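Chemist: Pasting a structure here, questions to come.
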Amino acid sequence: MTAYRGQPVSEGVAAGEVYLPGGRADVSADPVLSGTVLSDTVLSGTVLSDTVRGAFGAVAAERHALAGELRAAGREHEAGIVEIGALIAADPALSAPVLAALGTPVPVTAAVALVREAAEAQASILESLPDPDLAQRGSDVRQVAEAVIAHLAGAAAPPVPDGPFILVRREVDPADLIRLADGAAAGRLAGAVSVGGGASSHAAIIARGLGLPMLAGADPAVLTAPAGHPAVLDATAGELIVDPPARPVIRAASTASGGVRAAGPVRTADGEELTVLCNVASAAETRLGLAGGAAGVGLLRTEIPFTRARGWPSRGDHLAALAPILRLLAGRRAVVRLLDFSGDKVPPFAGAAGLAALLEAPGALGAQLAAILAAGAGTGLEVMIPMVRSLDEVSHVRGELARAAKAAGTDPPPLGMMVEVAATAAAAAAFAPHVDFFSIGTNDLTADVLGAERAALPPSAAAQPPVLAAIAGVVRAARAAGIGVSVCGDSAADPDVLPLLVGTGVRTVSVGAAKVPRVADWITTISTSGTAAEAAPR
């Protein structure tokens with residue numbers, strides 16, 4: 001038995017055989033792990049330059065093609081992530097330093113080293129940025145470099161196992177996960193382990209959306225694990241165990257999703273009714289959440305498809321992104337959040353993060369609202385404003401929504417707001433008469449209340465008394481005004497925080513699509529009388 005540690009970035013437990021598609025291309029990055037080389041063949045500068053240029057071009061073309069397939073299937077969120085890799089591969093900032101150094105005959109291994117050096121230089125720049133989300137983009141650069149090196153290595157990946165397997169790579173690429181989860185190996189990918197990356201990496205985001213257990217930042221020695229051997233991945237404890245003492249029961253489905261439940265309200269142990277919704281950005285996540293029993297969507301993130309766009313999206317752009325998701329929600333609740341460009345999701349055209357950029361851009365809000373109304377016809381549509389700080393922002397959006405609805409010949413849908421800022425939570429009673437519902441974003445609210453970096457806080461931090469007090473105040477204000485209130489942050493899917501949220505009076509939660517069944521099961525064990533006492537201020 002051998003155990004390898006890593007950082008849990010997508011929870012769950014899975015079993016399967018070890019699959020190492022990178023082979024020597026992964027292992028040779030570390031001379032301590034392997035004394036082998038990819039190729040000692042010496043090529044002229046011109047031939048090698050053409051070979052390297054072709055490898056970068058092939059990686060860009062593959063990712064563009066995959067992004068196109070995903071977009072055609074209505075999976076805009078995943079297409080946007082894959083397309084980032086295509087743009088990196090096509091960017092001269094990564095390839096130019098390599099090509100410039102290939103003026104004389106050198107072995108292929110020299111080109112491989114140059115590709116890694118260029119990637120490390122670019123990744124280091126990103127990782128030095130103060131924004132934790134942007135810093136995580138260094139992993140994307142390394143993933144592209146490893147794909148280029150695999151092309152230079154010229155060796156085909158080993159065949160995908162016939163049964164459940166755990167993907168192990170130096171840099172797990174989001175494209176790897178999508179191809180393996182959707183292609184000929186569909187249903188057999190049980191989990192993933194990456195030496196690089198972190199919780200905010202695009203591979204981790206895709207893994208969470210698919211409900212796949214995953215570790216990042218793993219011990220590099222995992223790259224020498226014996227391929228084909230049985231393993232258990234515990235992405236809650238942060239451990240991959242190869243050749244466990246008792247041979248595991250191999251099955252493709254992880255425990256992250258928890259199975260299929262009937263849609264509808266869930267009752268606590270003492271009979272209180274709660275509603276479980278799901279947070280999505282793609283049709284694939286929506287299908288997963290509904291299959292797990294979600295009553296609808298409590299947060300539809302609309303900005304993901306446009307983080308690499310060159311200008312504010314048009315009505316047609318929004319329609320293309322929204323229609324595949326909203327057509328799955330006929331007759332169900334569908335809470336569509338307006339563009340929320342923040343963190344590493346601020347495209348160049350926005351100029352700045354936050355709601356103000358959307359409200360100040362001529363025609364941008366109107367175009368999105370028109371598309372939301374068109375795509376959401378037939379659903380239980382609701383519109384939500386992100387990161388609200390003032391009543392003027394709410395008034396502005398309500399006026400635009402009324403104009404868009406009049407132009408569409410329909411009634412305006414309910415308009416709600418995110419409560420993500422400590423000052424907004426404190427003033428909830430003043431906001432409540434002007435909106436139809438509150439949605440508490442615990443990730444940002446917790447960071448603001450505690451004065452900490454969002455990326456540095458686990459979901460469990462919402463259990464801190466000042467945060468619970470802020471949430472309880474928002475719930476009281478909503479009840480006094482007769483409007484709805486929900487929690488859509490990650491804390492709603494934390495087993496220690498969920499009972500406390502119920503104790504503050506929260507009766508609607510929206511969680512990651514893969515976590516819906518598990519959260520619903522937890523709710524059935526909660527006693528509201530006991531949790532109310534636990535959540536009370538001390």
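Ordering of the structure tokens sets the chain letters (A, B, ...), residue numbers begin anew at 1 in every chain, and ligands are numbered from 1 in the order given.
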Near Leu373 in chain A, within 10 Å and counting only C-alpha atoms, which residues show up once chain neighbours fewer than 6 positions away are dropped, as a list in words?
Modeler: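 Here the qualifying residues turn out to be Leu319, Thr379, Leu381, Glu382, Val383, Leu401, Ala404, Ala405, Ala408, Thr410, Asp411, Pro412 and Pro413 of chain A.
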Chemist: Please produce a file of the residues just selected, as a PDB file, in the first residue's frame, where the atoms kept are N, CA and C atoms.
Modeler:
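Final output, saved to result-v5.pdb:
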```pdb
ATOM      1  N   LEU A 319     -28.621  35.180 -25.527  1.00  0.00           N
ATOM      2  CA  LEU A 319     -29.607  34.157 -25.866  1.00  0.00           C
ATOM      3  C   LEU A 319     -28.932  32.817 -26.141  1.00  0.00           C
ATOM      4  N   THR A 379     -40.457  29.410 -17.844  1.00  0.00           N
ATOM      5  CA  THR A 379     -39.840  28.994 -16.585  1.00  0.00           C
ATOM      6  C   THR A 379     -40.396  29.839 -15.450  1.00  0.00           C
ATOM      7  N   LEU A 381     -39.208  32.248 -13.875  1.00  0.00           N
ATOM      8  CA  LEU A 381     -38.072  33.156 -14.017  1.00  0.00           C
ATOM      9  C   LEU A 381     -38.011  34.199 -12.902  1.00  0.00           C
ATOM     10  N   GLU A 382     -36.798  34.423 -12.395  1.00  0.00           N
ATOM     11  CA  GLU A 382     -36.521  35.510 -11.473  1.00  0.00           C
ATOM     12  C   GLU A 382     -35.166  36.093 -11.855  1.00  0.00           C
ATOM     13  N   VAL A 383     -35.010  37.389 -11.699  1.00  0.00           N
ATOM     14  CA  VAL A 383     -33.764  38.071 -12.040  1.00  0.00           C
ATOM     15  C   VAL A 383     -33.093  38.528 -10.750  1.00  0.00           C
ATOM     16  N   LEU A 401     -35.592  46.713 -16.175  1.00  0.00           N
ATOM     17  CA  LEU A 401     -36.366  45.485 -16.300  1.00  0.00           C
ATOM     18  C   LEU A 401     -37.796  45.787 -16.740  1.00  0.00           C
ATOM     19  N   ALA A 404     -37.675  46.581 -20.454  1.00  0.00           N
ATOM     20  CA  ALA A 404     -37.457  45.385 -21.262  1.00  0.00           C
ATOM     21  C   ALA A 404     -38.712  44.521 -21.318  1.00  0.00           C
ATOM     22  N   ALA A 405     -39.417  44.396 -20.191  1.00  0.00           N
ATOM     23  CA  ALA A 405     -40.641  43.596 -20.157  1.00  0.00           C
ATOM     24  C   ALA A 405     -41.730  44.218 -21.023  1.00  0.00           C
ATOM     25  N   ALA A 408     -41.073  43.487 -24.542  1.00  0.00           N
ATOM     26  CA  ALA A 408     -41.307  42.071 -24.844  1.00  0.00           C
ATOM     27  C   ALA A 408     -42.787  41.698 -24.738  1.00  0.00           C
ATOM     28  N   THR A 410     -44.612  41.473 -21.910  1.00  0.00           N
ATOM     29  CA  THR A 410     -44.810  40.553 -20.795  1.00  0.00           C
ATOM     30  C   THR A 410     -44.709  41.315 -19.475  1.00  0.00           C
ATOM     31  N   ASP A 411     -45.089  40.680 -18.391  1.00  0.00           N
ATOM     32  CA  ASP A 411     -44.956  41.297 -17.073  1.00  0.00           C
ATOM     33  C   ASP A 411     -43.523  41.115 -16.576  1.00  0.00           C
ATOM     34  N   PRO A 412     -43.007  42.063 -15.820  1.00  0.00           N
ATOM     35  CA  PRO A 412     -41.654  41.889 -15.270  1.00  0.00           C
ATOM     36  C   PRO A 412     -41.629  40.723 -14.298  1.00  0.00           C
ATOM     37  N   PRO A 413     -40.604  39.905 -14.332  1.00  0.00           N
ATOM     38  CA  PRO A 413     -40.475  38.821 -13.353  1.00  0.00           C
ATOM     39  C   PRO A 413     -40.020  39.383 -12.013  1.00  0.00           C
TER      40      PRO A 413
END
```
Chemist: Just want the 12 Å neighbourhood of Ala371 in chain A, counted on only C-alpha atoms, with same-chain residues fewer than 6 positions away dropped. Output as a list in words.
Modeler: Thr302, Pro313, Ser314, Arg315, Gly316, Asp317, His318, Leu319, Ala320, Ala321, Leu322, Ala323, Leu326, Val336, Leu338, Ala364, Leu365, Ala377, Val383, Leu401, Ala404, Ala405, Ala407 and Ala408 of chain A
Chemist: Would you write out those residues with C-alpha atoms, as a PDB file, in the first residue's frame?
Modeler:
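This went into out_37.pdb:
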```
ATOM      1  CA  THR A 302     -24.219  34.342 -16.688  1.00  0.00           C
ATOM      2  CA  PRO A 313     -22.344  40.673 -25.139  1.00  0.00           C
ATOM      3  CA  SER A 314     -25.317  41.415 -27.383  1.00  0.00           C
ATOM      4  CA  ARG A 315     -28.853  40.144 -26.906  1.00  0.00           C
ATOM      5  CA  GLY A 316     -28.019  37.341 -29.347  1.00  0.00           C
ATOM      6  CA  ASP A 317     -24.874  36.412 -27.432  1.00  0.00           C
ATOM      7  CA  HIS A 318     -26.832  36.153 -24.201  1.00  0.00           C
ATOM      8  CA  LEU A 319     -29.607  34.157 -25.866  1.00  0.00           C
ATOM      9  CA  ALA A 320     -27.133  31.629 -27.239  1.00  0.00           C
ATOM     10  CA  ALA A 321     -25.689  31.100 -23.747  1.00  0.00           C
ATOM     11  CA  LEU A 322     -28.967  31.070 -21.811  1.00  0.00           C
ATOM     12  CA  ALA A 323     -31.370  29.148 -24.038  1.00  0.00           C
ATOM     13  CA  LEU A 326     -33.328  27.619 -19.443  1.00  0.00           C
ATOM     14  CA  VAL A 336     -30.766  34.275 -13.386  1.00  0.00           C
ATOM     15  CA  LEU A 338     -26.932  39.495 -14.008  1.00  0.00           C
ATOM     16  CA  ALA A 364     -25.336  46.325 -21.841  1.00  0.00           C
ATOM     17  CA  LEU A 365     -27.967  45.803 -19.141  1.00  0.00           C
ATOM     18  CA  ALA A 377     -40.313  32.298 -21.058  1.00  0.00           C
ATOM     19  CA  VAL A 383     -33.764  38.071 -12.040  1.00  0.00           C
ATOM     20  CA  LEU A 401     -36.366  45.485 -16.300  1.00  0.00           C
ATOM     21  CA  ALA A 404     -37.457  45.385 -21.262  1.00  0.00           C
ATOM     22  CA  ALA A 405     -40.641  43.596 -20.157  1.00  0.00           C
ATOM     23  CA  ALA A 407     -40.898  45.849 -25.058  1.00  0.00           C
ATOM     24  CA  ALA A 408     -41.307  42.071 -24.844  1.00  0.00           C
TER      25      ALA A 408
END
```
Chemist: Return as a ChimeraX atom specification the full set of residues in range 155-301 of chain A whose backbone-based DSSP assignment is alpha helix (DSSP H).
Modeler: /A:174-182,202-210,283-291
Chemist: Just the residues within 12 Å of Ile166 in chain A, please, counting only C-alpha atoms, with nothing from its chain fewer than 2 positions along; format it as a ChimeraX atom specification.
Modeler: /A:13-21,160-161,163-164,168-169,172,177,180-181,185,187-194,212-215,222,225,227-235,240-242,250-254
Chemist: Please, could you write that set of residues out with N, CA and C atoms as a short mmCIF file (atom, residue, chain, number, x, y, z; two decimals), in the first residue's frame?
Modeler:
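Heads up, here's the output in result14.cif:
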```cif
data_model
loop_
_atom_site.label_atom_id
_atom_site.label_comp_id
_atom_site.auth_asym_id
_atom_site.auth_seq_id
_atom_site.Cartn_x
_atom_site.Cartn_y
_atom_site.Cartn_z
N VAL A 13 -15.52 10.33 -2.61
CA VAL A 13 -14.68 9.14 -2.52
C VAL A 13 -14.95 8.28 -3.74
N ALA A 14 -13.89 7.76 -4.35
CA ALA A 14 -14.06 6.93 -5.54
C ALA A 14 -13.00 5.86 -5.57
N ALA A 15 -13.26 4.80 -6.33
CA ALA A 15 -12.29 3.72 -6.50
C ALA A 15 -12.13 3.42 -7.98
N GLY A 16 -10.93 3.02 -8.36
CA GLY A 16 -10.66 2.68 -9.75
C GLY A 16 -9.19 2.40 -9.92
N GLU A 17 -8.80 1.99 -11.11
CA GLU A 17 -7.38 1.73 -11.34
C GLU A 17 -6.66 3.02 -11.72
N VAL A 18 -5.37 3.07 -11.44
CA VAL A 18 -4.56 4.25 -11.74
C VAL A 18 -4.36 4.38 -13.25
N TYR A 19 -4.65 5.56 -13.78
CA TYR A 19 -4.47 5.83 -15.21
C TYR A 19 -3.54 7.03 -15.37
N LEU A 20 -2.38 6.79 -16.00
CA LEU A 20 -1.35 7.82 -16.18
C LEU A 20 -1.13 8.07 -17.67
N PRO A 21 -2.00 8.86 -18.30
CA PRO A 21 -1.88 9.06 -19.75
C PRO A 21 -0.65 9.85 -20.15
N VAL A 160 -7.52 3.96 -22.58
CA VAL A 160 -8.30 4.20 -21.36
C VAL A 160 -8.75 2.85 -20.81
N PRO A 161 -8.66 2.65 -19.50
CA PRO A 161 -9.08 1.37 -18.90
C PRO A 161 -10.53 1.02 -19.22
N GLY A 163 -12.57 -0.40 -17.17
CA GLY A 163 -13.40 -0.18 -16.00
C GLY A 163 -13.15 1.19 -15.39
N PRO A 164 -13.67 1.45 -14.19
CA PRO A 164 -13.47 2.73 -13.53
C PRO A 164 -11.98 3.03 -13.33
N VAL A 168 -4.40 10.45 -13.25
CA VAL A 168 -3.28 11.03 -12.51
C VAL A 168 -2.37 11.74 -13.52
N ARG A 169 -2.13 13.04 -13.29
CA ARG A 169 -1.29 13.81 -14.21
C ARG A 169 -0.52 14.88 -13.45
N VAL A 172 -3.53 18.21 -14.46
CA VAL A 172 -4.81 17.77 -15.02
C VAL A 172 -5.42 18.94 -15.76
N LEU A 177 -10.59 16.24 -18.52
CA LEU A 177 -11.77 15.81 -17.77
C LEU A 177 -13.00 15.77 -18.66
N LEU A 180 -12.73 12.82 -21.24
CA LEU A 180 -12.88 11.51 -20.61
C LEU A 180 -14.28 11.30 -20.05
N ALA A 181 -14.90 12.37 -19.55
CA ALA A 181 -16.23 12.25 -18.98
C ALA A 181 -17.31 12.11 -20.04
N ALA A 185 -15.01 6.96 -22.92
CA ALA A 185 -14.82 6.51 -21.54
C ALA A 185 -15.92 7.01 -20.61
N GLY A 187 -18.65 7.56 -18.06
CA GLY A 187 -19.12 6.70 -16.98
C GLY A 187 -18.02 5.94 -16.27
N ARG A 188 -16.78 6.01 -16.81
CA ARG A 188 -15.70 5.25 -16.18
C ARG A 188 -14.71 6.14 -15.44
N LEU A 189 -14.67 7.43 -15.75
CA LEU A 189 -13.79 8.34 -15.03
C LEU A 189 -14.34 8.52 -13.62
N ALA A 190 -13.58 8.04 -12.62
CA ALA A 190 -14.07 8.05 -11.24
C ALA A 190 -13.53 9.23 -10.44
N GLY A 191 -12.35 9.75 -10.80
CA GLY A 191 -11.76 10.84 -10.05
C GLY A 191 -10.47 11.28 -10.71
N ALA A 192 -9.80 12.28 -10.13
CA ALA A 192 -8.58 12.82 -10.73
C ALA A 192 -7.63 13.30 -9.65
N VAL A 193 -6.32 13.22 -9.97
CA VAL A 193 -5.26 13.71 -9.08
C VAL A 193 -4.29 14.51 -9.90
N SER A 194 -3.99 15.73 -9.46
CA SER A 194 -3.09 16.62 -10.18
C SER A 194 -1.98 17.09 -9.25
N LEU A 212 -16.92 15.01 -9.73
CA LEU A 212 -15.79 14.09 -9.67
C LEU A 212 -14.89 14.42 -8.48
N PRO A 213 -14.57 13.47 -7.63
CA PRO A 213 -13.57 13.72 -6.58
C PRO A 213 -12.24 14.08 -7.22
N MET A 214 -11.53 15.05 -6.63
CA MET A 214 -10.25 15.46 -7.20
C MET A 214 -9.33 16.03 -6.13
N LEU A 215 -8.03 15.70 -6.26
CA LEU A 215 -6.98 16.31 -5.45
C LEU A 215 -6.10 17.15 -6.36
N VAL A 222 3.45 10.79 -6.90
CA VAL A 222 2.28 10.08 -7.41
C VAL A 222 2.44 9.76 -8.89
N ALA A 225 3.36 6.22 -9.52
CA ALA A 225 2.44 5.17 -9.09
C ALA A 225 2.26 4.16 -10.22
N ALA A 227 0.74 2.21 -12.99
CA ALA A 227 -0.48 2.28 -13.79
C ALA A 227 -1.21 0.95 -13.77
N GLY A 228 -2.53 1.01 -13.73
CA GLY A 228 -3.35 -0.19 -13.75
C GLY A 228 -3.59 -0.81 -12.39
N HIS A 229 -2.91 -0.31 -11.35
CA HIS A 229 -3.12 -0.89 -10.02
C HIS A 229 -4.38 -0.29 -9.38
N PRO A 230 -5.05 -1.05 -8.51
CA PRO A 230 -6.26 -0.54 -7.86
C PRO A 230 -5.92 0.58 -6.88
N ALA A 231 -6.83 1.53 -6.76
CA ALA A 231 -6.61 2.67 -5.87
C ALA A 231 -7.93 3.19 -5.34
N VAL A 232 -7.85 3.84 -4.21
CA VAL A 232 -9.01 4.53 -3.63
C VAL A 232 -8.64 6.00 -3.48
N LEU A 233 -9.48 6.87 -4.01
CA LEU A 233 -9.28 8.32 -3.91
C LEU A 233 -10.27 8.87 -2.89
N ASP A 234 -9.75 9.37 -1.79
CA ASP A 234 -10.57 10.01 -0.76
C ASP A 234 -10.31 11.51 -0.85
N ALA A 235 -11.15 12.19 -1.61
CA ALA A 235 -10.96 13.62 -1.83
C ALA A 235 -11.62 14.45 -0.74
N LEU A 240 -4.77 9.69 -1.91
CA LEU A 240 -4.92 8.62 -2.90
C LEU A 240 -4.15 7.42 -2.36
N ILE A 241 -4.82 6.29 -2.17
CA ILE A 241 -4.19 5.08 -1.68
C ILE A 241 -4.12 4.07 -2.82
N VAL A 242 -2.90 3.73 -3.22
CA VAL A 242 -2.68 2.76 -4.29
C VAL A 242 -2.37 1.41 -3.66
N ILE A 250 -14.60 -1.78 -7.20
CA ILE A 250 -14.39 -0.79 -8.24
C ILE A 250 -15.72 -0.38 -8.83
N ARG A 251 -15.99 0.89 -8.77
CA ARG A 251 -17.21 1.41 -9.38
C ARG A 251 -16.95 2.81 -9.87
N ALA A 252 -17.65 3.17 -10.96
CA ALA A 252 -17.36 4.46 -11.59
C ALA A 252 -17.97 5.60 -10.83
N ALA A 253 -19.14 5.40 -10.25
CA ALA A 253 -19.81 6.52 -9.61
C ALA A 253 -19.15 6.86 -8.30
N SER A 254 -18.85 8.14 -8.09
CA SER A 254 -18.27 8.57 -6.82
C SER A 254 -19.39 8.83 -5.84
#
```
Chemist: Within 9 Å of range 423-436 of chain A, counting only C-alpha atoms, which residues show up once you throw out same-chain ones fewer than 3 positions away? Write them as JSON, numbers by chain, please.
Modeler: {"A": [387, 388, 389, 390, 391, 394, 395, 398, 414, 415, 416, 417, 419, 420, 440, 445, 448, 449, 470, 471, 473, 474, 475, 476, 477, 478, 480, 481, 482, 483, 484]}
Chemist: Can you list, as a PyMOL selection string, every protein, DNA or RNA residue that comes within 9 Å of Glu453 in chain A when you count only C-alpha atoms, leaving out same-chain residues fewer than 4 positions away?
Modeler: chain A and resi 132+444+447-448+457
Chemist: Can you write just those residues out, C-alpha atoms, as a PDB file, in the first residue's frame?
Modeler:
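Produced file again_34.pdb, reproduced below:
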```
ATOM      1  CA  PRO A 132      -5.650  34.694  -5.548  1.00  0.00           C
ATOM      2  CA  ASP A 444     -18.183  37.035  -0.195  1.00  0.00           C
ATOM      3  CA  ALA A 447     -14.895  37.396   3.787  1.00  0.00           C
ATOM      4  CA  ASP A 448     -16.285  40.922   4.182  1.00  0.00           C
ATOM      5  CA  LEU A 457     -11.551  31.080   3.782  1.00  0.00           C
TER       6      LEU A 457
END
```
Chemist: Which is closest to Glu83 in chain A among A:His202, A:Arg71, A:Arg301, A:His64, if we use only C-alpha atoms?
Modeler: A:His64
Chemist: Any idea what the distance is between CA of Thr446 in chain A and CA of Asp494 in chain A?
Modeler: 13.9 Å
Chemist: Restricting the calculation to only C-alpha atoms, which member of A:Ser439, A:Glu273, A:Ala60, A:Asp490 is positioned closest to Ala462 in chain A?
Modeler: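 Between A:Ser439, A:Glu273, A:Ala60, A:Asp490, the residue approaching Ala462 in chain A most closely is A:Asp490.
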Chemist: Assign secondary structure with DSSP using the backbone only, and return the residues of range 250-327 of chain A in strand (DSSP E) as a VMD selection string.
Modeler: chain A and resid 266 to 267 273 to 280 296 to 300
